[in-house]
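> Please find input_19.cif (mmCIF, N, CA and C atoms) on the next line:
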data_work
loop_
_atom_site.group_PDB
_atom_site.id
_atom_site.type_symbol
_atom_site.label_atom_id
_atom_site.label_comp_id
_atom_site.auth_asym_id
_atom_site.auth_seq_id
_atom_site.Cartn_x
_atom_site.Cartn_y
_atom_site.Cartn_z
ATOM 1 N N MET I 1 328.193 284.997 86.123
ATOM 2 C CA MET I 1 327.394 286.095 86.605
ATOM 3 C C MET I 1 327.986 286.690 87.866
ATOM 4 N N ASP I 2 328.020 285.914 88.899
ATOM 5 C CA ASP I 2 328.523 286.426 90.160
ATOM 6 C C ASP I 2 330.017 286.134 90.235
ATOM 7 N N ASN I 3 330.824 287.152 90.258
ATOM 8 C CA ASN I 3 332.264 287.006 90.285
ATOM 9 C C ASN I 3 332.726 286.883 91.737
ATOM 10 N N PRO I 4 333.331 285.755 92.165
ATOM 11 C CA PRO I 4 333.742 285.589 93.565
ATOM 12 C C PRO I 4 334.904 286.492 93.954
ATOM 13 N N THR I 5 335.587 287.097 93.027
ATOM 14 C CA THR I 5 336.706 287.979 93.361
ATOM 15 C C THR I 5 336.278 289.429 93.495
ATOM 16 N N SER I 6 335.007 289.706 93.402
ATOM 17 C CA SER I 6 334.549 291.093 93.472
ATOM 18 C C SER I 6 334.504 291.628 94.897
ATOM 19 N N GLY I 7 334.620 290.772 95.904
ATOM 20 C CA GLY I 7 334.605 291.216 97.296
ATOM 21 C C GLY I 7 333.215 291.285 97.889
ATOM 22 N N SER I 8 332.215 290.855 97.151
ATOM 23 C CA SER I 8 330.854 290.915 97.664
ATOM 24 C C SER I 8 330.432 289.622 98.332
ATOM 25 N N HIS I 9 331.278 288.638 98.312
ATOM 26 C CA HIS I 9 330.955 287.352 98.905
ATOM 27 C C HIS I 9 331.001 287.478 100.428
ATOM 28 N N PRO I 10 330.048 286.888 101.173
ATOM 29 C CA PRO I 10 330.009 287.018 102.643
ATOM 30 C C PRO I 10 331.231 286.455 103.345
ATOM 31 N N SER I 11 331.907 285.484 102.740
ATOM 32 C CA SER I 11 333.069 284.908 103.407
ATOM 33 C C SER I 11 334.348 285.679 103.112
ATOM 34 N N ASP I 12 334.252 286.768 102.373
ATOM 35 C CA ASP I 12 335.420 287.578 102.047
ATOM 36 C C ASP I 12 335.840 288.361 103.290
ATOM 37 N N THR I 13 337.057 288.121 103.783
ATOM 38 C CA THR I 13 337.533 288.762 105.009
ATOM 39 C C THR I 13 338.393 289.985 104.735
ATOM 40 N N SER I 14 338.629 290.309 103.487
ATOM 41 C CA SER I 14 339.482 291.457 103.183
ATOM 42 C C SER I 14 338.817 292.776 103.557
ATOM 43 N N SER I 15 337.508 292.830 103.557
ATOM 44 C CA SER I 15 336.808 294.060 103.916
ATOM 45 C C SER I 15 336.201 293.972 105.310
ATOM 46 N N ALA I 16 336.698 293.059 106.125
ATOM 47 C CA ALA I 16 336.165 292.895 107.479
ATOM 48 C C ALA I 16 336.481 294.126 108.321
ATOM 49 N N ARG I 17 335.585 294.445 109.218
ATOM 50 C CA ARG I 17 335.770 295.589 110.111
ATOM 51 C C ARG I 17 336.795 295.238 111.183
ATOM 52 N N PRO I 18 337.538 296.219 111.659
ATOM 53 C CA PRO I 18 338.463 295.937 112.758
ATOM 54 C C PRO I 18 337.682 295.610 114.025
ATOM 55 N N PRO I 19 338.256 294.843 114.925
ATOM 56 C CA PRO I 19 337.539 294.490 116.161
ATOM 57 C C PRO I 19 337.187 295.736 116.961
ATOM 58 N N ARG I 20 335.989 295.723 117.479
ATOM 59 C CA ARG I 20 335.511 296.845 118.293
ATOM 60 C C ARG I 20 335.876 296.625 119.743
ATOM 61 N N GLY I 21 335.655 297.650 120.559
ATOM 62 C CA GLY I 21 335.933 297.581 121.991
ATOM 63 C C GLY I 21 334.942 296.666 122.679
ATOM 64 N N PRO I 22 334.886 296.748 123.995
ATOM 65 C CA PRO I 22 333.954 295.900 124.741
ATOM 66 C C PRO I 22 332.504 296.178 124.334
ATOM 67 N N ALA I 23 331.696 295.154 124.415
ATOM 68 C CA ALA I 23 330.300 295.283 124.005
ATOM 69 C C ALA I 23 329.509 296.153 124.973
ATOM 70 N N THR I 24 329.899 296.198 126.244
ATOM 71 C CA THR I 24 329.175 297.010 127.219
ATOM 72 C C THR I 24 330.038 298.196 127.630
ATOM 73 N N LYS I 25 329.394 299.317 127.852
ATOM 74 C CA LYS I 25 330.090 300.516 128.295
ATOM 75 C C LYS I 25 330.002 300.624 129.814
ATOM 76 N N THR I 26 330.912 301.388 130.395
ATOM 77 C CA THR I 26 330.887 301.618 131.833
ATOM 78 C C THR I 26 329.706 302.526 132.166
ATOM 79 N N PRO I 27 328.879 302.144 133.137
ATOM 80 C CA PRO I 27 327.732 302.985 133.498
ATOM 81 C C PRO I 27 328.187 304.352 134.027
ATOM 82 N N ARG I 28 327.343 305.343 133.852
ATOM 83 C CA ARG I 28 327.673 306.697 134.279
ATOM 84 C C ARG I 28 327.883 306.778 135.775
ATOM 85 N N TRP I 29 327.088 306.037 136.552
ATOM 86 C CA TRP I 29 327.224 306.123 138.009
ATOM 87 C C TRP I 29 328.589 305.616 138.467
ATOM 88 N N VAL I 30 329.166 304.662 137.747
ATOM 89 C CA VAL I 30 330.488 304.167 138.109
ATOM 90 C C VAL I 30 331.531 305.248 137.848
ATOM 91 N N LYS I 31 331.411 305.927 136.719
ATOM 92 C CA LYS I 31 332.348 307.002 136.387
ATOM 93 C C LYS I 31 332.260 308.135 137.402
ATOM 94 N N VAL I 32 331.045 308.490 137.814
ATOM 95 C CA VAL I 32 330.853 309.559 138.804
ATOM 96 C C VAL I 32 331.437 309.132 140.150
ATOM 97 N N PHE I 33 331.195 307.896 140.552
ATOM 98 C CA PHE I 33 331.721 307.391 141.816
ATOM 99 C C PHE I 33 333.242 307.422 141.827
ATOM 100 N N VAL I 34 333.860 307.004 140.748
ATOM 101 C CA VAL I 34 335.319 307.000 140.665
ATOM 102 C C VAL I 34 335.858 308.425 140.705
ATOM 103 N N ALA I 35 335.195 309.349 140.020
ATOM 104 C CA ALA I 35 335.648 310.743 140.019
ATOM 105 C C ALA I 35 335.570 311.342 141.422
ATOM 106 N N ILE I 36 334.482 311.084 142.139
ATOM 107 C CA ILE I 36 334.329 311.603 143.499
ATOM 108 C C ILE I 36 335.366 310.973 144.424
ATOM 109 N N ALA I 37 335.606 309.678 144.276
ATOM 110 C CA ALA I 37 336.604 309.000 145.107
ATOM 111 C C ALA I 37 338.000 309.578 144.860
ATOM 112 N N LEU I 38 338.328 309.861 143.608
ATOM 113 C CA LEU I 38 339.637 310.446 143.300
ATOM 114 C C LEU I 38 339.785 311.832 143.898
ATOM 115 N N VAL I 39 338.730 312.632 143.873
ATOM 116 C CA VAL I 39 338.781 313.968 144.471
ATOM 117 C C VAL I 39 338.975 313.867 145.983
ATOM 118 N N LEU I 40 338.256 312.955 146.628
ATOM 119 C CA LEU I 40 338.397 312.790 148.081
ATOM 120 C C LEU I 40 339.796 312.308 148.455
ATOM 121 N N VAL I 41 340.344 311.394 147.689
ATOM 122 C CA VAL I 41 341.703 310.917 147.954
ATOM 123 C C VAL I 41 342.702 312.053 147.762
ATOM 124 N N ALA I 42 342.489 312.876 146.736
ATOM 125 C CA ALA I 42 343.386 314.014 146.504
ATOM 126 C C ALA I 42 343.334 314.982 147.682
ATOM 127 N N PHE I 43 342.145 315.270 148.211
ATOM 128 C CA PHE I 43 342.028 316.150 149.381
ATOM 129 C C PHE I 43 342.733 315.538 150.593
ATOM 130 N N LEU I 44 342.593 314.248 150.776
ATOM 131 C CA LEU I 44 343.237 313.574 151.900
ATOM 132 C C LEU I 44 344.764 313.666 151.784
ATOM 133 N N VAL I 45 345.284 313.413 150.604
ATOM 134 C CA VAL I 45 346.736 313.473 150.401
ATOM 135 C C VAL I 45 347.241 314.894 150.608
ATOM 136 N N ILE I 46 346.534 315.877 150.068
ATOM 137 C CA ILE I 46 346.930 317.282 150.246
ATOM 138 C C ILE I 46 346.903 317.651 151.723
ATOM 139 N N GLY I 47 345.875 317.214 152.442
ATOM 140 C CA GLY I 47 345.781 317.505 153.869
ATOM 141 C C GLY I 47 346.906 316.882 154.668
ATOM 142 N N LEU I 48 347.269 315.658 154.331
ATOM 143 C CA LEU I 48 348.339 314.986 155.065
ATOM 144 C C LEU I 48 349.706 315.575 154.742
ATOM 145 N N LEU I 49 349.918 315.980 153.501
ATOM 146 C CA LEU I 49 351.206 316.524 153.105
ATOM 147 C C LEU I 49 351.395 317.987 153.486
ATOM 148 N N SER I 50 350.299 318.669 153.798
ATOM 149 C CA SER I 50 350.405 320.091 154.127
ATOM 150 C C SER I 50 350.947 320.320 155.535
ATOM 151 N N GLY I 51 351.001 319.275 156.339
ATOM 152 C CA GLY I 51 351.526 319.408 157.699
ATOM 153 C C GLY I 51 350.495 319.992 158.641
ATOM 154 N N GLY I 52 350.963 320.533 159.746
ATOM 155 C CA GLY I 52 350.047 321.112 160.716
ATOM 156 C C GLY I 52 349.582 320.065 161.704
ATOM 157 N N GLU I 53 348.759 320.506 162.615
ATOM 158 C CA GLU I 53 348.234 319.609 163.639
ATOM 159 C C GLU I 53 346.888 319.063 163.181
ATOM 160 N N HIS I 54 346.870 317.799 162.883
ATOM 161 C CA HIS I 54 345.630 317.156 162.476
ATOM 162 C C HIS I 54 345.339 316.029 163.438
ATOM 163 N N GLY I 55 344.057 315.810 163.689
ATOM 164 C CA GLY I 55 343.669 314.714 164.560
ATOM 165 C C GLY I 55 342.925 315.207 165.776
ATOM 166 N N PRO I 56 342.551 314.292 166.665
ATOM 167 C CA PRO I 56 341.745 314.666 167.831
ATOM 168 C C PRO I 56 342.496 315.555 168.815
ATOM 169 N N GLY I 57 343.801 315.474 168.878
ATOM 170 C CA GLY I 57 344.570 316.311 169.787
ATOM 171 C C GLY I 57 344.493 317.793 169.445
ATOM 172 N N ARG I 58 344.112 318.104 168.255
ATOM 173 C CA ARG I 58 343.996 319.498 167.817
ATOM 174 C C ARG I 58 342.865 320.218 168.544
ATOM 175 N N HIS I 59 341.865 319.482 168.977
ATOM 176 C CA HIS I 59 340.677 320.083 169.573
ATOM 177 C C HIS I 59 340.719 320.111 171.095
ATOM 178 N N PHE I 60 341.777 319.607 171.692
ATOM 179 C CA PHE I 60 341.892 319.592 173.140
ATOM 180 C C PHE I 60 343.144 320.343 173.570
ATOM 181 N N SER I 61 343.074 320.949 174.752
ATOM 182 C CA SER I 61 344.255 321.620 175.283
ATOM 183 C C SER I 61 345.242 320.566 175.785
ATOM 184 N N THR I 62 346.383 321.011 176.265
ATOM 185 C CA THR I 62 347.390 320.066 176.743
ATOM 186 C C THR I 62 346.943 319.328 177.996
ATOM 187 N N GLU I 63 345.975 319.868 178.726
ATOM 188 C CA GLU I 63 345.485 319.225 179.951
ATOM 189 C C GLU I 63 344.389 318.216 179.656
ATOM 190 N N GLY I 64 343.954 318.111 178.440
ATOM 191 C CA GLY I 64 342.938 317.135 178.085
ATOM 192 C C GLY I 64 341.529 317.695 178.072
ATOM 193 N N ALA I 65 341.349 318.944 178.506
ATOM 194 C CA ALA I 65 340.022 319.552 178.490
ATOM 195 C C ALA I 65 339.788 320.180 177.121
ATOM 196 N N PRO I 66 338.557 320.181 176.643
ATOM 197 C CA PRO I 66 338.261 320.845 175.379
ATOM 198 C C PRO I 66 338.663 322.313 175.439
ATOM 199 N N SER I 67 339.183 322.856 174.373
ATOM 200 C CA SER I 67 339.722 324.205 174.374
ATOM 201 C C SER I 67 338.653 325.287 174.552
ATOM 202 N N GLY I 68 337.407 324.991 174.282
ATOM 203 C CA GLY I 68 336.359 325.988 174.430
ATOM 204 C C GLY I 68 335.793 326.103 175.835
ATOM 205 N N MET I 69 336.188 325.225 176.730
ATOM 206 C CA MET I 69 335.650 325.227 178.085
ATOM 207 C C MET I 69 336.515 326.074 179.003
ATOM 208 N N ALA I 70 335.876 326.833 179.853
ATOM 209 C CA ALA I 70 336.613 327.626 180.853
ATOM 210 C C ALA I 70 337.025 326.712 182.007
ATOM 211 N N GLU I 71 338.029 327.142 182.743
ATOM 212 C CA GLU I 71 338.514 326.322 183.854
ATOM 213 C C GLU I 71 337.435 326.193 184.940
ATOM 214 N N ALA I 72 336.602 327.193 185.079
ATOM 215 C CA ALA I 72 335.543 327.145 186.090
ATOM 216 C C ALA I 72 334.515 326.068 185.746
ATOM 217 N N ASP I 73 334.342 325.772 184.479
ATOM 218 C CA ASP I 73 333.364 324.765 184.083
ATOM 219 C C ASP I 73 333.841 323.347 184.414
ATOM 220 N N LEU I 74 335.122 323.168 184.632
ATOM 221 C CA LEU I 74 335.656 321.845 184.890
ATOM 222 C C LEU I 74 335.488 321.421 186.337
ATOM 223 N N ARG I 75 335.229 322.360 187.245
ATOM 224 C CA ARG I 75 335.103 322.040 188.680
ATOM 225 C C ARG I 75 333.729 321.593 189.049
#
In structure tokens, what does this structure look like?

Amino acid sequence: MDNPTSGSHPSDTSSARPPRGPATKTPRWVKVFVAIALVLVAFLVIGLLSGGEHGPGRHFSTEGAPSGMAEADLR
């Protein structure tokens, strides 16, 4: 009656499914966090490679006073 060569037997591995990926998926918040981090790193690299004066010295004159202050305000 039941033919063991028909492929309907539960122990038949010829029709087994290929292995699937990981059982759990990466949460959306992790993907968003990684995307934002990559964008910020890209901006940082672009800023550093573009040259120019970057850093705290950019906001002060050569005398050490903030550039927006008049000389009269320093006395």
> So the first atom is atom N of Lys25 of chain I and the second is atom CA of Leu40 of chain I; what is the distance between them in Å, to one decimal place?
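Result for atom N of Lys25 of chain I versus atom CA of Leu40 of chain I: 25.9 Å, one decimal.
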> Which distance in Å separates atom N of Pro56 of chain I and atom CA of Leu44 of chain I, to one decimal?
14.8 Å
> Can you measure atom CA of His59 of chain I to atom N of Gly47 of chain I for me? One decimal in Å is fine.
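Between atom CA of His59 of chain I and atom N of Gly47 of chain I the gap is 18.1 Å.
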> Box time for segment 29-42 of chain I: axis-aligned, enclosing all its listed atoms, 5 Å extra on each side; report centre and edge lengths in Å to one decimal, as AutoDock Vina command-line options.

--center_x 335.2 --center_y 309.6 --center_z 142.4 --size_x 26.3 --size_y 20.8 --size_z 22.1
